[in-house]
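Undergrad: Contents of protein.txt (compact mmCIF, C-alpha atoms) are below:
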```txt
# COMPACT_ATOMS: atom_id res chain seq x y z
CA MET A 1 128.38 109.60 77.40
CA GLU A 2 124.94 108.27 78.23
CA MET A 3 122.86 107.82 81.35
CA ARG A 4 122.91 104.36 82.91
CA ARG A 5 120.00 102.21 81.74
CA SER A 6 117.35 100.84 84.07
CA LYS A 7 117.29 97.05 84.33
CA VAL A 8 113.70 97.24 85.57
CA LEU A 9 112.47 99.29 82.63
CA ASP A 10 114.35 97.17 80.10
CA LYS A 11 112.81 93.97 81.47
CA LEU A 12 109.31 95.40 81.81
CA ARG A 13 109.39 96.84 78.30
CA ALA A 14 110.43 93.41 77.05
CA GLY A 15 107.37 91.88 78.72
CA GLU A 16 109.27 90.16 81.53
CA VAL A 17 108.44 89.91 85.24
CA VAL A 18 110.68 91.84 87.64
CA SER A 19 111.66 90.67 91.12
CA CYS A 20 112.17 93.10 93.97
CA ILE A 21 112.95 92.98 97.70
CA LYS A 22 112.19 95.69 100.27
CA LEU A 23 115.04 96.71 102.55
CA ASN A 24 114.41 98.43 105.87
CA LEU A 25 118.01 98.15 107.03
CA TYR A 26 120.21 101.02 105.92
CA ASP A 27 123.57 99.25 105.59
CA SER A 28 124.74 99.14 101.98
CA ARG A 29 126.04 95.61 102.56
CA VAL A 30 122.44 94.43 102.71
CA ILE A 31 122.05 95.82 99.20
CA GLU A 32 125.13 93.86 98.10
CA ILE A 33 123.71 90.62 99.51
CA ALA A 34 120.36 91.15 97.77
CA ALA A 35 122.09 92.03 94.51
CA LEU A 36 124.37 88.99 94.70
CA SER A 37 121.29 86.79 95.13
CA GLY A 38 120.10 87.89 91.68
CA MET A 39 117.32 90.33 92.57
CA ASP A 40 116.40 92.63 89.69
CA CYS A 41 115.61 95.51 92.02
CA VAL A 42 116.00 96.53 95.65
CA TRP A 43 113.53 98.87 97.34
CA SER A 44 114.97 101.33 99.83
CA ASP A 45 112.48 103.09 102.06
CA MET A 46 112.45 106.68 103.28
CA GLU A 47 108.74 106.85 104.16
CA HIS A 48 108.71 104.58 107.22
CA VAL A 49 112.42 104.03 107.83
CA PRO A 50 114.78 106.68 109.30
CA ASN A 51 117.28 106.39 106.45
CA ASP A 52 118.92 109.69 105.59
CA PHE A 53 120.23 110.71 102.17
CA SER A 54 123.83 109.80 103.01
CA ALA A 55 122.75 106.21 103.74
CA VAL A 56 120.63 106.06 100.59
CA GLU A 57 123.53 107.37 98.51
CA LYS A 58 125.69 104.45 99.68
CA GLN A 59 122.86 102.04 98.91
CA ILE A 60 122.58 103.42 95.39
CA LEU A 61 126.33 103.02 94.84
CA ALA A 62 126.17 99.41 96.08
CA ALA A 63 123.27 98.59 93.76
CA LYS A 64 125.04 100.13 90.77
CA ALA A 65 128.19 98.12 91.51
CA TYR A 66 126.20 94.91 90.95
CA ASN A 67 124.06 96.14 88.06
CA THR A 68 120.92 95.98 90.17
CA ASP A 69 118.25 98.66 90.05
CA ILE A 70 117.32 100.53 93.19
CA LEU A 71 113.89 102.01 93.82
CA VAL A 72 113.65 104.62 96.57
CA ARG A 73 110.31 105.24 98.24
CA VAL A 74 110.47 108.90 99.10
CA SER A 75 108.96 110.96 101.87
CA ARG A 76 106.07 113.20 100.92
CA GLY A 77 107.55 116.68 101.15
CA SER A 78 108.94 119.31 98.83
CA TYR A 79 110.15 118.60 95.31
CA SER A 80 113.68 118.14 96.72
CA ASP A 81 112.55 115.11 98.71
CA LEU A 82 111.38 113.54 95.46
CA ILE A 83 114.24 114.33 93.12
CA LYS A 84 117.29 113.96 95.36
CA PRO A 85 117.30 110.13 95.08
CA MET A 86 117.02 110.55 91.30
CA GLU A 87 119.95 112.94 91.27
CA MET A 88 121.94 110.40 93.31
CA ASP A 89 121.20 108.03 90.39
CA ALA A 90 118.47 105.84 91.80
CA SER A 91 116.78 103.88 89.03
CA GLY A 92 113.36 105.00 90.13
CA ILE A 93 111.31 106.56 92.89
CA MET A 94 108.08 105.46 94.52
CA ILE A 95 105.68 108.11 95.80
CA PRO A 96 103.31 106.86 98.49
CA HIS A 97 99.64 107.69 99.02
CA ILE A 98 98.63 109.33 95.75
CA MET A 99 95.19 110.59 96.67
CA SER A 100 93.85 112.26 93.51
CA LEU A 101 94.46 113.18 89.89
CA ALA A 102 95.71 116.60 91.01
CA ASP A 103 98.17 114.91 93.35
CA ALA A 104 99.48 112.69 90.55
CA LYS A 105 99.78 115.64 88.16
CA ASN A 106 101.88 117.49 90.72
CA VAL A 107 104.20 114.49 91.04
CA VAL A 108 104.76 114.50 87.29
CA LYS A 109 105.40 118.23 87.35
CA MET A 110 108.05 117.87 90.08
CA THR A 111 109.80 114.72 88.84
CA ARG A 112 109.81 114.96 85.04
CA PHE A 113 111.68 117.32 82.78
CA HIS A 114 110.20 119.16 79.78
CA PRO A 115 107.96 118.38 77.96
CA LEU A 116 106.35 116.22 80.66
CA GLY A 117 106.98 118.41 83.69
CA ARG A 118 109.05 121.17 85.26
CA ARG A 119 111.56 119.23 87.33
CA PRO A 120 114.33 121.67 88.32
CA ILE A 121 117.44 121.13 86.20
CA ASP A 122 120.93 120.56 87.53
CA GLY A 123 122.80 117.82 85.65
CA GLY A 124 125.88 118.09 87.84
CA ASN A 125 125.09 115.08 90.00
CA ALA A 126 125.57 111.33 89.65
CA ASP A 127 122.58 110.79 87.34
CA GLY A 128 123.99 113.33 84.88
CA ALA A 129 127.52 111.89 85.18
CA PHE A 130 128.47 115.04 87.08
CA GLY A 131 127.92 117.28 84.08
CA ASN A 132 129.51 114.98 81.52
CA ILE A 133 126.24 114.23 79.73
CA ASP A 134 125.02 116.87 77.31
CA LEU A 135 122.22 118.82 79.00
CA CYS A 136 119.60 118.16 76.33
CA GLU A 137 120.51 114.47 76.25
CA TYR A 138 120.41 114.35 80.04
CA ILE A 139 116.89 115.78 80.09
CA LYS A 140 115.72 113.36 77.40
CA GLN A 141 117.36 110.28 78.90
CA ALA A 142 116.24 111.09 82.44
CA ASN A 143 112.64 111.03 81.23
CA GLU A 144 113.18 107.76 79.37
CA ARG A 145 115.53 105.76 81.62
CA ARG A 146 114.27 106.53 85.11
CA PHE A 147 110.91 105.35 86.34
CA VAL A 148 108.29 107.02 88.49
CA CYS A 149 106.09 104.68 90.46
CA ILE A 150 103.02 105.95 92.30
CA GLN A 151 101.29 104.02 95.06
CA ILE A 152 97.57 103.42 94.93
CA GLU A 153 97.01 102.39 98.52
CA ASP A 154 93.86 104.27 99.50
CA PRO A 155 90.28 104.09 98.25
CA GLU A 156 90.15 107.83 97.44
CA PRO A 157 92.14 107.81 94.14
CA LEU A 158 90.00 105.00 92.68
CA ASP A 159 87.43 107.58 91.57
CA GLU A 160 90.02 109.06 89.18
CA LEU A 161 92.13 105.96 88.56
CA GLU A 162 91.71 105.96 84.78
CA GLU A 163 92.70 109.61 84.52
CA ILE A 164 95.70 109.04 86.80
CA ALA A 165 96.86 106.06 84.76
CA ALA A 166 96.58 108.05 81.55
CA LEU A 167 99.13 110.65 82.67
CA ASP A 168 102.35 110.83 80.71
CA GLY A 169 105.29 110.65 83.08
CA ILE A 170 103.89 107.92 85.31
CA ASP A 171 105.43 104.52 84.60
CA MET A 172 103.91 102.28 87.24
CA LEU A 173 100.86 101.97 89.45
CA PHE A 174 101.80 100.10 92.62
CA PHE A 175 98.93 98.65 94.63
CA GLY A 176 99.57 98.71 98.39
CA PRO A 177 97.21 96.29 100.16
CA GLY A 178 98.24 97.18 103.72
CA ASP A 179 97.10 100.77 103.85
CA PHE A 180 94.25 100.02 101.46
CA SER A 181 92.85 97.48 103.93
CA GLN A 182 92.97 100.15 106.62
CA GLY A 183 91.37 102.68 104.30
CA ILE A 184 88.32 100.48 103.77
CA GLY A 185 88.02 99.78 107.50
CA ALA A 186 89.28 96.20 107.29
CA PRO A 187 92.95 96.31 108.38
CA GLY A 188 94.80 93.10 107.62
CA GLN A 189 91.85 91.39 105.92
CA TRP A 190 93.73 90.40 102.76
CA ASP A 191 90.76 88.48 101.34
CA HIS A 192 88.28 91.35 101.75
CA HIS A 193 86.19 91.67 98.60
CA GLU A 194 86.86 95.40 98.21
CA LEU A 195 90.61 94.85 98.46
CA LEU A 196 90.59 92.01 95.94
CA LYS A 197 88.44 94.07 93.58
CA ALA A 198 90.79 97.05 93.82
CA ARG A 199 93.89 94.90 93.33
CA LYS A 200 92.41 93.48 90.15
CA ARG A 201 91.28 96.87 88.90
CA VAL A 202 94.63 98.63 89.44
CA ALA A 203 96.40 96.07 87.27
CA ALA A 204 93.73 96.18 84.58
CA VAL A 205 93.70 99.99 84.39
CA ALA A 206 97.50 100.16 84.31
CA LEU A 207 97.63 97.76 81.38
CA GLU A 208 94.81 99.55 79.58
CA HIS A 209 96.80 102.80 79.63
CA GLY A 210 100.16 101.29 78.76
CA LYS A 211 101.56 101.46 82.28
CA PHE A 212 103.15 98.77 84.41
CA ALA A 213 101.47 97.29 87.47
CA GLY A 214 103.34 96.53 90.68
CA THR A 215 102.45 95.17 94.10
CA VAL A 216 103.68 93.05 96.97
CA GLY A 217 103.49 89.28 96.82
CA SER A 218 104.84 85.92 97.91
CA MET A 219 105.56 82.58 96.31
CA GLY A 220 102.03 81.56 97.25
CA SER A 221 100.44 84.48 95.39
CA LEU A 222 102.96 84.95 92.57
CA THR A 223 101.09 82.97 89.90
CA GLU A 224 97.82 84.77 90.62
CA LEU A 225 99.43 88.20 90.56
CA ILE A 226 101.12 87.55 87.23
CA SER A 227 97.82 86.32 85.81
CA LEU A 228 96.19 89.59 86.89
CA GLY A 229 98.80 91.55 84.96
CA TYR A 230 101.31 92.47 87.66
CA ARG A 231 104.86 92.47 86.33
CA PHE A 232 106.77 94.18 89.17
CA ILE A 233 106.41 92.14 92.35
CA ASN A 234 108.10 92.76 95.67
CA MET A 235 108.71 89.39 97.25
CA GLY A 236 109.50 90.21 100.87
CA ALA A 237 111.72 92.25 103.16
CA ASP A 238 115.11 91.94 104.78
CA VAL A 239 113.74 92.27 108.32
CA LEU A 240 111.21 89.50 107.73
CA GLY A 241 113.89 87.19 106.36
CA LEU A 242 116.22 87.83 109.28
CA GLY A 243 113.40 87.44 111.77
CA GLN A 244 112.44 84.05 110.34
CA TYR A 245 116.08 82.96 110.22
CA PHE A 246 116.76 83.91 113.84
CA THR A 247 113.47 82.42 115.04
CA GLY A 248 114.34 79.13 113.33
CA ILE A 249 117.78 79.04 114.95
CA VAL A 250 116.36 79.74 118.43
CA SER A 251 113.61 77.16 118.00
CA ASN A 252 116.04 74.45 116.88
CA PHE A 253 118.49 75.42 119.61
CA LYS A 254 115.87 75.12 122.33
CA THR A 255 114.61 71.79 121.02
CA THR A 256 118.10 70.29 120.79
CA SER A 257 119.40 71.71 124.06
CA ASN A 258 116.30 70.65 126.01
CA ALA A 259 116.46 67.13 124.58
CA THR A 260 120.16 66.85 125.35
CA HIS A 261 119.66 68.16 128.87
CA SER A 262 116.88 65.67 129.58
CA VAL A 263 119.17 62.78 128.55
CA TYR A 264 122.39 63.87 130.22
CA GLY A 265 120.98 65.87 133.11
CA GLU A 266 123.24 68.51 134.57
CA LYS A 267 126.39 66.89 133.20
CA ILE A 268 126.68 67.95 129.59
```
Transcribe the structure of this file into structure tokens.

TA:
Amino acid sequence: MEMRRSKVLDKLRAGEVVSCIKLNLYDSRVIEIAALSGMDCVWSDMEHVPNDFSAVEKQILAAKAYNTDILVRVSRGSYSDLIKPMEMDASGIMIPHIMSLADAKNVVKMTRFHPLGRRPIDGGNADGAFGNIDLCEYIKQANERRFVCIQIEDPEPLDELEEIAALDGIDMLFFGPGDFSQGIGAPGQWDHHELLKARKRVAAVALEHGKFAGTVGSMGSLTELISLGYRFINMGADVLGLGQYFTGIVSNFKTTSNATHSVYGEKI
């Protein structure tokens, strides 16, 4: 028996571009809808969203049912906060706000097995097929088939970016423009020269050290991001999509109902 493969890693290693969608809602049915649409990966959030591990476990099961990868952005806490989604068989984890080389080294130590790190061994959970995968194979495959993504979303780690990118055990550098804009004192200024410079540099450094580059994007920025070297691109969020859908319905409803009322008066 072998560990389930990662669709994201297989596509990235083949030089393809991976699509992703961020999900704030905890219901596993949202995962099913995103997977049915053809998304390569869904991003479940535990940093900003009050999802607990029981909700995330259901999300992981839903993603697996449709052969879609699931990336869990973890809370910054103990090693257990980092590895529990992996043990539930998430395809990868995202660690926010990596602030230094020492910080990144500690992430590798906590999330990778020997010889890369010292992640505590269990093997009796979903990722190890509940003990049905040989322990040595489990350790080897977990290092190869699960991805660790670190977020570069502050100016502080840029001083050691090359050293961070060179670390074995890190698969992806993910540039986060939102917090980065705040970090440089220009919140929400997406065209700020320091932000654009950092976005370009993160991708270039990732490629230089054989890592993958990820970020957030839209259809308007997709071509540019791919040209910069980004191959993992999150294209939106469930709450944004629902908000736009509901706003459109209400707008059309008001326009139609007001026009009808003006023609027919009180007798509709």

Undergrad: Measure the distance from atom CA of A:Phe174 to atom CA of A:Asn125 in Å and round it to one decimal.

TA: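 If I compute the distance from atom CA of A:Phe174 to atom CA of A:Asn125, I get 27.8 Å.
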
Undergrad: Choose the residue, out of A:Arg13, A:Val30, A:Asp159, A:Thr255, that has the smallest atom-to-atom separation from A:Leu242; count all atoms listed in the file.

TA: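 Looking only at the distances to A:Leu242, the closest residue turns out to be A:Val30.
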
Undergrad: Identify which of the residues A:Leu225, A:Ile83, A:Val49, A:Ile152 lies closest to A:Ser181, counting all atoms listed in the file when measuring atom-to-atom distances.

TA: A:Ile152

Undergrad: Neighbouring residues of A:Ile164 were defined as those with any atom within 7 Å, considering only C-alpha atoms; residues of the same chain fewer than 4 positions away were excluded. Please report them as a list in words.

TA: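 Once the nearby chain positions are removed, what remains is Leu101, Ala104 and Glu160 of chain A.
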
Undergrad: Determine, counting all atoms listed in the file, which protein, DNA and RNA residues have an atom within 12 Å of an atom of A:Gly77; residues of the same chain fewer than 6 positions away are not included. Present the result as a PDB file with C-alpha atoms, keeping the file's coordinate frame.

TA:
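Dumped everything to out_13.pdb:
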```
ATOM      1  CA  MET A  46     112.450 106.680 103.280  1.00  0.00           C
ATOM      2  CA  GLU A  47     108.740 106.850 104.160  1.00  0.00           C
ATOM      3  CA  ILE A  83     114.240 114.330  93.120  1.00  0.00           C
ATOM      4  CA  LYS A  84     117.290 113.960  95.360  1.00  0.00           C
ATOM      5  CA  ILE A  95     105.680 108.110  95.800  1.00  0.00           C
ATOM      6  CA  PRO A  96     103.310 106.860  98.490  1.00  0.00           C
ATOM      7  CA  ASN A 106     101.880 117.490  90.720  1.00  0.00           C
ATOM      8  CA  VAL A 107     104.200 114.490  91.040  1.00  0.00           C
ATOM      9  CA  MET A 110     108.050 117.870  90.080  1.00  0.00           C
TER      10      MET A 110
END
```

Undergrad: Any idea what the distance is between atom CA of A:Ile233 and atom CA of A:Lys22?

TA: 10.4 Å

Undergrad: Restricting the calculation to all atoms listed in the file: of A:Val17, A:Ala186, A:Ile121, A:Val250, which residue gets closest to A:Lys140?

TA: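 Closest residue, counting all atoms listed in the file: A:Ile121.
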
Undergrad: Can stretch 57-68 of chain A be brought up to N, CA and C atoms and written out as a short mmCIF file (atom, residue, chain, number, x, y, z; two decimals), keeping the file's coordinate frame?

TA:
```cif
data_model
loop_
_atom_site.label_atom_id
_atom_site.label_comp_id
_atom_site.auth_asym_id
_atom_site.auth_seq_id
_atom_site.Cartn_x
_atom_site.Cartn_y
_atom_site.Cartn_z
N GLU A 57 122.50 107.20 99.53
CA GLU A 57 123.53 107.37 98.51
C GLU A 57 124.46 106.15 98.47
N LYS A 58 124.84 105.64 99.63
CA LYS A 58 125.69 104.45 99.68
C LYS A 58 124.94 103.23 99.14
N GLN A 59 123.66 103.15 99.44
CA GLN A 59 122.86 102.04 98.91
C GLN A 59 122.81 102.09 97.39
N ILE A 60 122.64 103.27 96.84
CA ILE A 60 122.58 103.42 95.39
C ILE A 60 123.91 103.00 94.76
N LEU A 61 125.01 103.41 95.36
CA LEU A 61 126.33 103.02 94.84
C LEU A 61 126.51 101.51 94.88
N ALA A 62 126.05 100.87 95.96
CA ALA A 62 126.17 99.41 96.08
C ALA A 62 125.34 98.71 95.01
N ALA A 63 124.13 99.19 94.78
CA ALA A 63 123.27 98.59 93.76
C ALA A 63 123.89 98.72 92.37
N LYS A 64 124.42 99.89 92.07
CA LYS A 64 125.04 100.13 90.77
C LYS A 64 126.25 99.22 90.55
N ALA A 65 126.99 98.95 91.62
CA ALA A 65 128.19 98.12 91.51
C ALA A 65 127.85 96.71 91.05
N TYR A 66 126.61 96.27 91.33
CA TYR A 66 126.20 94.91 90.95
C TYR A 66 125.15 94.90 89.85
N ASN A 67 125.00 96.03 89.17
CA ASN A 67 124.06 96.14 88.06
C ASN A 67 122.64 95.75 88.47
N THR A 68 122.27 96.20 89.66
CA THR A 68 120.92 95.98 90.17
C THR A 68 120.23 97.33 90.31
#
```
